[in-house]
Amino acid sequence: MNHFISKDGELFCEQVAVAEIACQVGTPVYIYSKATLTRHFQAFDEAFASIRHLTCFAVKACSNIAILNLFAGLGGGSDIVSGGELYRALRAGVDPRRIIYSGVGKTEAELRYALESNILLFNVESAQELERLQQVARSMGVAAPVSFRINPDVDPHTHAYISTGLAKNKFGIPIAEALALYIQAEGMEHIAVQGVSCHIGSQLTLIAPFIEALYKLKLFVKKLADSGIVIQYIDLGGGVGITYNDEQPPHPQEYGEAIIKELQGVDATIIFEPGRVLVGNAGILVTEVQYTKTNQGLEAAKKFVVVDAAMNDLTRPSLYGAYHAIAPVRATAAALEVVDIVGPICETGDFLAKDRALPAVAQGDLLAVMSAGAYGFSMSSNYNSRPRVAEVLVDGNQYHIIRQRESLADLINGEQIP
Ligand code: LLP
């Protein structure tokens with residue numbers, strides 16, 4: 001359930017007309033609904049109300065500090081994967097004791113910054129990272145709190161680029177090698193072993209892979225206990241999918257019930273790292289039609305709708321072949337046409353939708369690209385020297401610009417001619 005609703009054929013975000021925001025702030029623009037973000041956080045968090053847990057929003061999904069601040073105010077923490085995300089989380093007011101740090105390539109400077117910030121846990125992904133963390137912690141005279149990310153070799157049945165828990169993926173430590181590493185870490189003076197973690201992939205629409213991974217993790221935790229290693233945290237990662245088109249992902253409640261059932265008899269604080277499920281359907285990208293054109297081919301004519309948003313603003317269709325529903329902001333009675341909705345970037349791979357049935361549109365019409373809240377703005381770039389777009393947060397009958405549209409001067413900020 002989200003708060004992007006059509007009233008008399010006009011798209012609203014909560015009580016604000018989307019066209020009004022586009023008129024005032026310009027296009028393209030990302031628009032998020034505060035009520036939807038709040039509702040999604042609470043639905044997820046409340047699914048685990050009966051167990052000791054911590055919900056750490058995956059910052060990579062939507063990194064604006066206003067959004068991080070909103071979740072922090074609801075009791076959430078952050079799952080970060082870089083020094084930059086740590087900076088954002090801290091600036092947003094996230095309690096460092098609710099920040100966990102994942103990722104395969106943490107640099108020495110990043111490890112130091114996170115240790116100085118006193119974060120809750122490092123999800124360590126290799127023996128070399130453990131060694132480096134120990135060295136940095138030693139130089140600072142502290143002990144680093146560690147959880148190892150286990151690769152359970154489970155198939156999440158999702159897009160190959162966003163599967164992370166298979167042996168062939170770069171992530172985590174093979175379960176068969178993990179015990180030796182835990183025993184080694186227990187003997188390290190500047191490492192404090194505290195947990196075990198895993199993340200098997202993103203946009204999962206089935207519960208079974210999560211349960212399979214948890215089952216393997218449980219057996220492993222038992223093995224650890226048999227070796228005298230008792231852990232306090234089990235981190236189950238993120239990954240719950242959303243509906244973009246006709247997918248039927250589990251509701252957080254259903255996911256929660258299945259996980260809690262499988263956790264019977266486990267004594268630990270459970271950490272979650274949800275990203276997409278909290279923000280995906282809480283944000284849209286609004287774009288304006290610039291031109292319509294038809295290219296006559298040998299076999300058939302091809303219709304294009306050229307809009308002012310492009311693959312640099314929303315890269316998911318180009319990168320993963322992802323589907324995003326697209327609809328006119330003001331409904332029309334125009335007949336449906338099959339079109340490609342494309343951006344101004346000089347690549348054939350620059351499209352938001354291909355062969356899509358859309359009511360005939362004209363120059364100046366506004367289109368809403370739905371389900372764009374996750375991995376939308378956060379993956380955007382300046383490619384083709386396009387300033388990154390504005391972000392707006394709607395709250396009831398008000399809206400706030402939470403990121404200004406970049407200026408032309410921003411484009412060359414930091415550049416110099418020698
Ligand atoms: N934790 C870790 C360690 C992760 O790697 C990820 C996502 C998450 C949590 C959050 O997963 P979520 O709940 O959002 O599924 N750019 C891609 C998605 C990449 C996901 C990478 N890892 C997309 O647009 O579909």
# chains A, B, ... in the order shown; residues from 1 in each chain; ligands from 1
call {"tool": "select_by_dssp", "arguments": {"residues": "segment 156-326 of chain A", "states": "helix (DSSP H, G or I)", "output": "PyMOL selection string"}}
result
chain A and resi 160-162+175-186+208-226+252-262+276-282+316-320
call {"tool": "write_last_selection", "arguments": {"atoms": "C-alpha atoms", "output": "PDB file, in the first residue's frame"}}
result
ATOM      1  CA  ALA A 160      22.038 -12.738 -11.748  1.00  0.00           C
ATOM      2  CA  TYR A 161      23.512  -9.278 -11.040  1.00  0.00           C
ATOM      3  CA  ILE A 162      21.814  -9.073  -7.651  1.00  0.00           C
ATOM      4  CA  ILE A 175      30.516 -21.817   5.256  1.00  0.00           C
ATOM      5  CA  ALA A 176      33.040 -24.673   5.236  1.00  0.00           C
ATOM      6  CA  GLU A 177      35.926 -22.267   5.884  1.00  0.00           C
ATOM      7  CA  ALA A 178      34.192 -20.028   8.387  1.00  0.00           C
ATOM      8  CA  LEU A 179      34.750 -22.024  11.594  1.00  0.00           C
ATOM      9  CA  ALA A 180      38.541 -21.863  11.245  1.00  0.00           C
ATOM     10  CA  LEU A 181      38.313 -18.104  10.773  1.00  0.00           C
ATOM     11  CA  TYR A 182      36.125 -17.682  13.866  1.00  0.00           C
ATOM     12  CA  ILE A 183      38.639 -19.693  15.923  1.00  0.00           C
ATOM     13  CA  GLN A 184      41.471 -17.538  14.572  1.00  0.00           C
ATOM     14  CA  ALA A 185      39.528 -14.333  15.326  1.00  0.00           C
ATOM     15  CA  GLU A 186      38.804 -15.463  18.893  1.00  0.00           C
ATOM     16  CA  ALA A 208      12.066 -20.430   0.859  1.00  0.00           C
ATOM     17  CA  PRO A 209      15.612 -19.190   0.032  1.00  0.00           C
ATOM     18  CA  PHE A 210      15.620 -16.995   3.167  1.00  0.00           C
ATOM     19  CA  ILE A 211      14.604 -19.970   5.281  1.00  0.00           C
ATOM     20  CA  GLU A 212      17.187 -22.223   3.645  1.00  0.00           C
ATOM     21  CA  ALA A 213      19.921 -19.660   4.399  1.00  0.00           C
ATOM     22  CA  LEU A 214      18.712 -19.226   7.987  1.00  0.00           C
ATOM     23  CA  TYR A 215      18.657 -22.990   8.487  1.00  0.00           C
ATOM     24  CA  LYS A 216      22.287 -23.227   7.351  1.00  0.00           C
ATOM     25  CA  LEU A 217      23.218 -20.290   9.568  1.00  0.00           C
ATOM     26  CA  LYS A 218      21.554 -21.931  12.573  1.00  0.00           C
ATOM     27  CA  LEU A 219      23.514 -25.140  12.100  1.00  0.00           C
ATOM     28  CA  PHE A 220      26.650 -23.061  11.848  1.00  0.00           C
ATOM     29  CA  VAL A 221      25.872 -21.100  15.041  1.00  0.00           C
ATOM     30  CA  LYS A 222      25.414 -24.452  16.811  1.00  0.00           C
ATOM     31  CA  LYS A 223      28.813 -25.549  15.509  1.00  0.00           C
ATOM     32  CA  LEU A 224      30.324 -22.326  16.831  1.00  0.00           C
ATOM     33  CA  ALA A 225      28.749 -22.925  20.241  1.00  0.00           C
ATOM     34  CA  ASP A 226      30.172 -26.460  20.278  1.00  0.00           C
ATOM     35  CA  PRO A 252       6.676  -8.408   5.613  1.00  0.00           C
ATOM     36  CA  GLN A 253       4.233  -9.972   8.085  1.00  0.00           C
ATOM     37  CA  GLU A 254       4.393 -13.304   6.270  1.00  0.00           C
ATOM     38  CA  TYR A 255       8.186 -13.060   5.968  1.00  0.00           C
ATOM     39  CA  GLY A 256       8.376 -12.202   9.690  1.00  0.00           C
ATOM     40  CA  GLU A 257       6.246 -15.156  10.741  1.00  0.00           C
ATOM     41  CA  ALA A 258       8.342 -17.602   8.711  1.00  0.00           C
ATOM     42  CA  ILE A 259      11.627 -16.219  10.065  1.00  0.00           C
ATOM     43  CA  ILE A 260      10.426 -16.135  13.678  1.00  0.00           C
ATOM     44  CA  LYS A 261       9.241 -19.737  13.397  1.00  0.00           C
ATOM     45  CA  GLU A 262      12.634 -20.837  12.080  1.00  0.00           C
ATOM     46  CA  ARG A 276      14.064  -1.919  -1.464  1.00  0.00           C
ATOM     47  CA  VAL A 277      11.024  -3.051   0.532  1.00  0.00           C
ATOM     48  CA  LEU A 278      11.091   0.152   2.622  1.00  0.00           C
ATOM     49  CA  VAL A 279      11.601   2.705  -0.145  1.00  0.00           C
ATOM     50  CA  GLY A 280      10.900   1.134  -3.558  1.00  0.00           C
ATOM     51  CA  ASN A 281       7.204   1.883  -3.767  1.00  0.00           C
ATOM     52  CA  ALA A 282       7.536   5.070  -1.701  1.00  0.00           C
ATOM     53  CA  ARG A 316      17.569   0.040 -13.630  1.00  0.00           C
ATOM     54  CA  PRO A 317      15.816  -0.515 -16.991  1.00  0.00           C
ATOM     55  CA  SER A 318      19.098  -0.212 -18.918  1.00  0.00           C
ATOM     56  CA  LEU A 319      21.231  -2.170 -16.458  1.00  0.00           C
ATOM     57  CA  TYR A 320      18.939  -5.013 -15.427  1.00  0.00           C
TER      58      TYR A 320
END
call {"tool": "select_by_dssp", "arguments": {"residues": "segment 236-362 of chain A", "states": "strand (DSSP E)", "output": "ChimeraX atom specification"}}
result
/A:269-272,283-296,301-307,326-328,336-342,351-359
call {"tool": "write_last_selection", "arguments": {"atoms": "N, CA and C atoms", "output": "short mmCIF file (atom, residue, chain, number, x, y, z; two decimals), in the first residue's frame"}}
result
data_model
loop_
_atom_site.label_atom_id
_atom_site.label_comp_id
_atom_site.auth_asym_id
_atom_site.auth_seq_id
_atom_site.Cartn_x
_atom_site.Cartn_y
_atom_site.Cartn_z
N THR A 269 20.24 -11.36 19.18
CA THR A 269 19.54 -10.22 18.60
C THR A 269 19.60 -10.39 17.09
N ILE A 270 18.46 -10.26 16.43
CA ILE A 270 18.42 -10.48 14.99
C ILE A 270 18.47 -9.13 14.27
N ILE A 271 19.40 -9.03 13.33
CA ILE A 271 19.55 -7.78 12.58
C ILE A 271 19.00 -7.99 11.16
N PHE A 272 18.30 -6.98 10.66
CA PHE A 272 17.81 -7.01 9.27
C PHE A 272 18.37 -5.80 8.53
N GLY A 283 8.56 5.94 -3.73
CA GLY A 283 9.11 7.02 -4.55
C GLY A 283 8.79 6.83 -6.02
N ILE A 284 8.63 7.97 -6.72
CA ILE A 284 8.43 7.94 -8.17
C ILE A 284 9.39 8.93 -8.83
N LEU A 285 9.59 8.75 -10.12
CA LEU A 285 10.38 9.72 -10.89
C LEU A 285 9.41 10.36 -11.89
N VAL A 286 9.36 11.68 -11.87
CA VAL A 286 8.43 12.37 -12.79
C VAL A 286 9.24 13.02 -13.91
N THR A 287 8.79 12.81 -15.11
CA THR A 287 9.53 13.28 -16.28
C THR A 287 8.56 13.92 -17.28
N GLU A 288 9.07 14.82 -18.10
CA GLU A 288 8.22 15.53 -19.06
C GLU A 288 8.53 15.07 -20.48
N VAL A 289 7.48 14.90 -21.27
CA VAL A 289 7.66 14.51 -22.66
C VAL A 289 8.25 15.68 -23.44
N GLN A 290 9.35 15.41 -24.15
CA GLN A 290 9.99 16.44 -24.97
C GLN A 290 9.53 16.35 -26.43
N TYR A 291 9.56 15.14 -26.94
CA TYR A 291 9.21 14.93 -28.35
C TYR A 291 8.56 13.56 -28.52
N THR A 292 7.79 13.42 -29.56
CA THR A 292 7.36 12.09 -29.97
C THR A 292 7.82 11.93 -31.42
N LYS A 293 8.22 10.73 -31.78
CA LYS A 293 8.68 10.52 -33.15
C LYS A 293 8.43 9.09 -33.58
N THR A 294 8.37 8.89 -34.86
CA THR A 294 8.15 7.56 -35.41
C THR A 294 9.25 7.29 -36.44
N ASN A 295 9.95 6.18 -36.28
CA ASN A 295 10.95 5.79 -37.28
C ASN A 295 10.36 4.69 -38.15
N GLN A 296 10.23 4.99 -39.42
CA GLN A 296 9.68 3.98 -40.34
C GLN A 296 10.73 2.91 -40.60
N ALA A 301 6.62 0.42 -38.29
CA ALA A 301 7.01 1.72 -37.78
C ALA A 301 7.26 1.58 -36.28
N LYS A 302 8.26 2.31 -35.79
CA LYS A 302 8.57 2.25 -34.37
C LYS A 302 8.32 3.62 -33.76
N LYS A 303 7.52 3.64 -32.68
CA LYS A 303 7.20 4.93 -32.06
C LYS A 303 8.05 5.15 -30.82
N PHE A 304 8.53 6.38 -30.68
CA PHE A 304 9.34 6.74 -29.52
C PHE A 304 8.72 7.94 -28.79
N VAL A 305 8.77 7.87 -27.48
CA VAL A 305 8.43 9.03 -26.66
C VAL A 305 9.74 9.45 -26.00
N VAL A 306 10.23 10.62 -26.35
CA VAL A 306 11.50 11.10 -25.80
C VAL A 306 11.18 11.99 -24.60
N VAL A 307 11.70 11.58 -23.42
CA VAL A 307 11.38 12.32 -22.19
C VAL A 307 12.65 12.99 -21.66
N ILE A 326 4.81 2.91 -15.99
CA ILE A 326 4.86 4.32 -16.37
C ILE A 326 3.46 4.76 -16.77
N ALA A 327 3.02 5.89 -16.21
CA ALA A 327 1.64 6.34 -16.50
C ALA A 327 1.62 7.85 -16.60
N PRO A 328 0.71 8.40 -17.38
CA PRO A 328 0.56 9.85 -17.43
C PRO A 328 0.15 10.37 -16.05
N LEU A 336 -4.41 3.73 -26.68
CA LEU A 336 -3.09 3.19 -26.33
C LEU A 336 -2.23 3.05 -27.59
N GLU A 337 -0.93 3.34 -27.42
CA GLU A 337 0.04 3.11 -28.49
C GLU A 337 1.17 2.29 -27.89
N VAL A 338 1.84 1.52 -28.72
CA VAL A 338 3.01 0.78 -28.22
C VAL A 338 4.24 1.61 -28.55
N VAL A 339 4.96 2.00 -27.51
CA VAL A 339 6.09 2.93 -27.70
C VAL A 339 7.31 2.49 -26.89
N ASP A 340 8.47 3.01 -27.28
CA ASP A 340 9.65 2.96 -26.41
C ASP A 340 9.73 4.33 -25.74
N ILE A 341 9.91 4.32 -24.42
CA ILE A 341 10.06 5.60 -23.70
C ILE A 341 11.55 5.76 -23.45
N VAL A 342 12.12 6.77 -24.08
CA VAL A 342 13.59 6.89 -24.10
C VAL A 342 14.02 8.26 -23.60
N PHE A 351 16.93 3.80 -22.19
CA PHE A 351 15.46 3.72 -22.25
C PHE A 351 14.91 3.51 -20.85
N LEU A 352 13.66 3.94 -20.66
CA LEU A 352 12.96 3.69 -19.39
C LEU A 352 11.96 2.55 -19.57
N ALA A 353 11.51 2.35 -20.81
CA ALA A 353 10.59 1.23 -21.09
C ALA A 353 10.65 0.93 -22.58
N LYS A 354 10.47 -0.33 -22.90
CA LYS A 354 10.45 -0.75 -24.31
C LYS A 354 9.12 -1.41 -24.64
N ASP A 355 8.64 -1.15 -25.84
CA ASP A 355 7.41 -1.78 -26.32
C ASP A 355 6.29 -1.72 -25.27
N ARG A 356 6.06 -0.51 -24.78
CA ARG A 356 5.10 -0.31 -23.69
C ARG A 356 3.82 0.30 -24.25
N ALA A 357 2.68 -0.24 -23.80
CA ALA A 357 1.40 0.35 -24.19
C ALA A 357 1.15 1.57 -23.32
N LEU A 358 1.04 2.73 -23.96
CA LEU A 358 0.87 4.00 -23.23
C LEU A 358 -0.17 4.81 -23.97
N PRO A 359 -1.07 5.50 -23.25
CA PRO A 359 -2.00 6.39 -23.97
C PRO A 359 -1.18 7.41 -24.76
#
call {"tool": "closest_atom_pairs", "arguments": {"of": "chain A", "to": "ligand 1", "cutoff": "8 Å", "atoms": "only C-alpha atoms and all ligand atoms", "output": "JSON lines"}}
result
{"residue": "A:Phe57", "atom": "CA", "partner": "ligand 1", "partner_atom_place_in_ligand_line": "9 (C)", "distance": 7.8}
{"residue": "A:Ala58", "atom": "CA", "partner": "ligand 1", "partner_atom_place_in_ligand_line": "10 (C)", "distance": 5.1}
{"residue": "A:Lys60", "atom": "CA", "partner": "ligand 1", "partner_atom_place_in_ligand_line": "7 (C)", "distance": 7.3}
{"residue": "A:Ala61", "atom": "CA", "partner": "ligand 1", "partner_atom_place_in_ligand_line": "14 (O)", "distance": 5.8}
{"residue": "A:Asp79", "atom": "CA", "partner": "ligand 1", "partner_atom_place_in_ligand_line": "1 (N)", "distance": 6.6}
{"residue": "A:Val81", "atom": "CA", "partner": "ligand 1", "partner_atom_place_in_ligand_line": "3 (C)", "distance": 7.5}
{"residue": "A:Ser102", "atom": "CA", "partner": "ligand 1", "partner_atom_place_in_ligand_line": "3 (C)", "distance": 5.4}
{"residue": "A:Gly103", "atom": "CA", "partner": "ligand 1", "partner_atom_place_in_ligand_line": "3 (C)", "distance": 6.4}
{"residue": "A:Tyr161", "atom": "CA", "partner": "ligand 1", "partner_atom_place_in_ligand_line": "19 (C)", "distance": 7.7}
{"residue": "A:Ile162", "atom": "CA", "partner": "ligand 1", "partner_atom_place_in_ligand_line": "19 (C)", "distance": 5.3}
{"residue": "A:Thr164", "atom": "CA", "partner": "ligand 1", "partner_atom_place_in_ligand_line": "5 (O)", "distance": 7.3}
{"residue": "A:Cys198", "atom": "CA", "partner": "ligand 1", "partner_atom_place_in_ligand_line": "3 (C)", "distance": 7.6}
{"residue": "A:His199", "atom": "CA", "partner": "ligand 1", "partner_atom_place_in_ligand_line": "3 (C)", "distance": 5.5}
{"residue": "A:Gly201", "atom": "CA", "partner": "ligand 1", "partner_atom_place_in_ligand_line": "15 (O)", "distance": 6.3}
{"residue": "A:Ser202", "atom": "CA", "partner": "ligand 1", "partner_atom_place_in_ligand_line": "15 (O)", "distance": 3.4}
{"residue": "A:Gln203", "atom": "CA", "partner": "ligand 1", "partner_atom_place_in_ligand_line": "15 (O)", "distance": 5.1}
{"residue": "A:Leu204", "atom": "CA", "partner": "ligand 1", "partner_atom_place_in_ligand_line": "15 (O)", "distance": 7.3}
{"residue": "A:Gly237", "atom": "CA", "partner": "ligand 1", "partner_atom_place_in_ligand_line": "1 (N)", "distance": 4.9}
{"residue": "A:Gly238", "atom": "CA", "partner": "ligand 1", "partner_atom_place_in_ligand_line": "13 (O)", "distance": 3.7}
{"residue": "A:Gly239", "atom": "CA", "partner": "ligand 1", "partner_atom_place_in_ligand_line": "15 (O)", "distance": 3.2}
{"residue": "A:Val240", "atom": "CA", "partner": "ligand 1", "partner_atom_place_in_ligand_line": "13 (O)", "distance": 5.5}
{"residue": "A:Gly241", "atom": "CA", "partner": "ligand 1", "partner_atom_place_in_ligand_line": "15 (O)", "distance": 6.4}
{"residue": "A:Phe272", "atom": "CA", "partner": "ligand 1", "partner_atom_place_in_ligand_line": "9 (C)", "distance": 8.0}
{"residue": "A:Glu273", "atom": "CA", "partner": "ligand 1", "partner_atom_place_in_ligand_line": "9 (C)", "distance": 4.6}
{"residue": "A:Pro274", "atom": "CA", "partner": "ligand 1", "partner_atom_place_in_ligand_line": "13 (O)", "distance": 3.8}
{"residue": "A:Gly275", "atom": "CA", "partner": "ligand 1", "partner_atom_place_in_ligand_line": "14 (O)", "distance": 3.4}
{"residue": "A:Arg276", "atom": "CA", "partner": "ligand 1", "partner_atom_place_in_ligand_line": "14 (O)", "distance": 3.7}
{"residue": "A:Val277", "atom": "CA", "partner": "ligand 1", "partner_atom_place_in_ligand_line": "13 (O)", "distance": 6.0}
{"residue": "A:Leu278", "atom": "CA", "partner": "ligand 1", "partner_atom_place_in_ligand_line": "13 (O)", "distance": 7.9}
{"residue": "A:Thr315", "atom": "CA", "partner": "ligand 1", "partner_atom_place_in_ligand_line": "24 (O)", "distance": 7.9}
{"residue": "A:Arg316", "atom": "CA", "partner": "ligand 1", "partner_atom_place_in_ligand_line": "24 (O)", "distance": 5.5}
{"residue": "A:Tyr320", "atom": "CA", "partner": "ligand 1", "partner_atom_place_in_ligand_line": "25 (O)", "distance": 7.3}
{"residue": "A:Ala322", "atom": "CA", "partner": "ligand 1", "partner_atom_place_in_ligand_line": "25 (O)", "distance": 7.8}
{"residue": "A:Ala374", "atom": "CA", "partner": "ligand 1", "partner_atom_place_in_ligand_line": "24 (O)", "distance": 6.7}
{"residue": "A:Tyr375", "atom": "CA", "partner": "ligand 1", "partner_atom_place_in_ligand_line": "24 (O)", "distance": 4.6}
{"residue": "A:Gly376", "atom": "CA", "partner": "ligand 1", "partner_atom_place_in_ligand_line": "24 (O)", "distance": 7.2}
{"residue": "A:Met379", "atom": "CA", "partner": "ligand 1", "partner_atom_place_in_ligand_line": "16 (N)", "distance": 7.3}
call {"tool": "residues_around", "arguments": {"residues": "Ile51 of chain A", "least_positions_apart": "3", "cutoff": "10 Å", "atoms": "only C-alpha atoms", "output": "PyMOL selection string"}}
result
chain A and resi 46-48+54+260+263+267-270
call {"tool": "write_last_selection", "arguments": {"atoms": "N, CA and C atoms", "output": "short mmCIF file (atom, residue, chain, number, x, y, z; two decimals), in the first residue's frame"}}
result
data_model
loop_
_atom_site.label_atom_id
_atom_site.label_comp_id
_atom_site.auth_asym_id
_atom_site.auth_seq_id
_atom_site.Cartn_x
_atom_site.Cartn_y
_atom_site.Cartn_z
N GLU A 46 7.46 -3.98 12.79
CA GLU A 46 6.46 -4.59 13.68
C GLU A 46 6.30 -6.08 13.43
N ALA A 47 6.71 -6.53 12.24
CA ALA A 47 6.64 -7.98 11.97
C ALA A 47 7.59 -8.75 12.90
N PHE A 48 8.54 -8.03 13.49
CA PHE A 48 9.51 -8.69 14.37
C PHE A 48 9.40 -8.19 15.82
N LEU A 54 16.94 -5.55 15.38
CA LEU A 54 17.34 -4.21 14.95
C LEU A 54 17.15 -4.13 13.44
N ILE A 260 10.53 -15.95 12.22
CA ILE A 260 10.43 -16.14 13.68
C ILE A 260 10.24 -17.62 14.01
N LEU A 263 13.41 -19.37 13.87
CA LEU A 263 14.36 -18.91 14.89
C LEU A 263 14.08 -19.51 16.27
N ASP A 267 18.99 -17.85 20.69
CA ASP A 267 19.09 -16.72 21.62
C ASP A 267 20.10 -15.72 21.08
N ALA A 268 19.60 -14.73 20.34
CA ALA A 268 20.47 -13.69 19.77
C ALA A 268 19.61 -12.52 19.36
N THR A 269 20.24 -11.36 19.18
CA THR A 269 19.54 -10.22 18.60
C THR A 269 19.60 -10.39 17.09
N ILE A 270 18.46 -10.26 16.43
CA ILE A 270 18.42 -10.48 14.99
C ILE A 270 18.47 -9.13 14.27
#
call {"tool": "residues_around", "arguments": {"residues": "segment 5-11 of chain A", "least_positions_apart": "5", "cutoff": "10 Å", "atoms": "only C-alpha atoms", "output": "list in words"}}
result
Val16, Ala17, Val18, Ala19, Ala327, Pro328, Val329, Arg330, Ala331, Thr332, Leu367 and Ala368 of chain A
call {"tool": "closest_residue", "arguments": {"among": "A:Ile402, A:Leu236, A:Ala114, A:Ile200", "to": "His53 of chain A", "atoms": "only C-alpha atoms"}}
result
A:Leu236
call {"tool": "residues_around", "arguments": {"residues": "Ser380 of chain A", "least_positions_apart": "2", "cutoff": "8 Å", "atoms": "only C-alpha atoms", "output": "NGL selection string"}}
result
:A and (311-315 or 376-378 or 382 or 388)
call {"tool": "closest_residue", "arguments": {"among": "A:Leu206, A:Ala49, A:Leu70, A:Ile150", "to": "Ser33 of chain A", "atoms": "only C-alpha atoms"}}
result
A:Leu70
call {"tool": "atom_distance", "arguments": {"atom1": "atom CA of Ile31 of chain A", "atom2": "atom CA of Ile242 of chain A"}}
result
18.1 Å
call {"tool": "atom_distance", "arguments": {"atom1": "atom CA of Ala390 of chain A", "atom2": "atom CA of Gly343 of chain A"}}
result
17.1 Å
call {"tool": "closest_residue", "arguments": {"among": "A:Val94, A:Met140, A:Leu130, A:Ala72", "to": "Tyr113 of chain A", "atoms": "only C-alpha atoms"}}
result
A:Met140
call {"tool": "atom_distance", "arguments": {"atom1": "atom CA of Gly195 of chain A", "atom2": "atom CA of Val146 of chain A"}}
result
6.5 Å
call {"tool": "residues_around", "arguments": {"residues": "Glu14 of chain A", "least_positions_apart": "6", "cutoff": "9 Å", "atoms": "only C-alpha atoms", "output": "PyMOL selection string"}}
result
chain A and resi 2-5+33-36+394-397
call {"tool": "residues_around", "arguments": {"residues": "Phe41 of chain A", "least_positions_apart": "2", "cutoff": "8 Å", "atoms": "only C-alpha atoms", "output": "CSV table (one decimal) with all heavy atoms, in the first residue's frame"}}
result
chain,number,residue,atom,x,y,z
A,37,LEU,N,6.8,5.9,3.4
A,37,LEU,CA,8.1,5.4,4.0
A,37,LEU,C,7.9,5.0,5.5
A,37,LEU,O,8.4,3.9,5.9
A,37,LEU,CB,9.1,6.6,4.0
A,37,LEU,CG,9.6,7.0,2.6
A,37,LEU,CD1,10.2,8.4,2.6
A,37,LEU,CD2,10.6,6.0,2.0
A,38,THR,N,7.1,5.8,6.2
A,38,THR,CA,6.8,5.5,7.6
A,38,THR,C,6.1,4.2,7.7
A,38,THR,O,6.4,3.3,8.5
A,38,THR,CB,6.0,6.6,8.2
A,38,THR,OG1,6.7,7.9,8.0
A,38,THR,CG2,5.7,6.4,9.7
A,39,ARG,N,5.1,4.0,6.9
A,39,ARG,CA,4.2,2.8,6.9
A,39,ARG,C,5.1,1.6,6.6
A,39,ARG,O,5.0,0.6,7.3
A,39,ARG,CB,3.1,3.0,5.9
A,39,ARG,CG,2.1,1.9,6.0
A,39,ARG,CD,1.2,2.0,4.7
A,39,ARG,NE,0.4,0.8,4.6
A,39,ARG,CZ,-0.8,0.7,5.1
A,39,ARG,NH1,-1.4,1.7,5.6
A,39,ARG,NH2,-1.4,-0.5,4.9
A,43,ALA,N,5.7,-1.4,9.1
A,43,ALA,CA,5.2,-2.8,8.8
A,43,ALA,C,6.3,-3.8,8.9
A,43,ALA,O,6.1,-4.9,9.4
A,43,ALA,CB,4.6,-2.8,7.4
A,44,PHE,N,7.5,-3.4,8.5
A,44,PHE,CA,8.6,-4.4,8.5
A,44,PHE,C,9.0,-4.6,10.0
A,44,PHE,O,9.1,-5.7,10.4
A,44,PHE,CB,9.8,-3.8,7.7
A,44,PHE,CG,10.9,-4.8,7.5
A,44,PHE,CD1,10.9,-5.7,6.4
A,44,PHE,CD2,11.9,-5.0,8.5
A,44,PHE,CE1,11.9,-6.6,6.3
A,44,PHE,CE2,12.9,-5.9,8.4
A,44,PHE,CZ,12.9,-6.7,7.3
A,45,ASP,N,9.2,-3.5,10.7
A,45,ASP,CA,9.7,-3.5,12.0
A,45,ASP,C,8.8,-4.3,13.0
A,45,ASP,O,9.2,-5.1,13.8
A,45,ASP,CB,10.0,-2.1,12.5
A,45,ASP,CG,11.0,-2.1,13.7
A,45,ASP,OD1,12.1,-2.7,13.5
A,45,ASP,OD2,10.7,-1.5,14.7
A,71,PHE,N,14.0,7.4,9.1
A,71,PHE,CA,14.0,6.0,9.6
A,71,PHE,C,14.7,6.0,11.0
A,71,PHE,O,14.3,5.2,11.9
A,71,PHE,CB,14.8,5.1,8.7
A,71,PHE,CG,14.0,4.8,7.4
A,71,PHE,CD1,14.7,4.6,6.2
A,71,PHE,CD2,12.6,4.7,7.4
A,71,PHE,CE1,14.0,4.4,5.0
A,71,PHE,CE2,11.9,4.4,6.2
A,71,PHE,CZ,12.6,4.2,5.0
A,74,LEU,N,12.3,6.6,13.6
A,74,LEU,CA,11.4,5.5,13.9
A,74,LEU,C,12.1,4.4,14.6
A,74,LEU,O,11.5,3.3,14.8
A,74,LEU,CB,10.8,5.1,12.5
A,74,LEU,CG,10.0,6.1,11.7
A,74,LEU,CD1,9.7,5.6,10.3
A,74,LEU,CD2,8.7,6.4,12.5
A,278,LEU,N,11.5,-1.1,1.9
A,278,LEU,CA,11.1,0.2,2.6
A,278,LEU,C,10.9,1.3,1.7
A,278,LEU,O,10.0,2.2,2.0
A,278,LEU,CB,12.2,0.5,3.7
A,278,LEU,CG,12.5,-0.5,4.7
A,278,LEU,CD1,13.4,0.1,5.8
A,278,LEU,CD2,11.3,-1.1,5.3
call {"tool": "closest_residue", "arguments": {"among": "A:Ala92, A:Val196, A:Ala127, A:Ile401", "to": "Asn69 of chain A", "atoms": "only C-alpha atoms"}}
result
A:Ala92
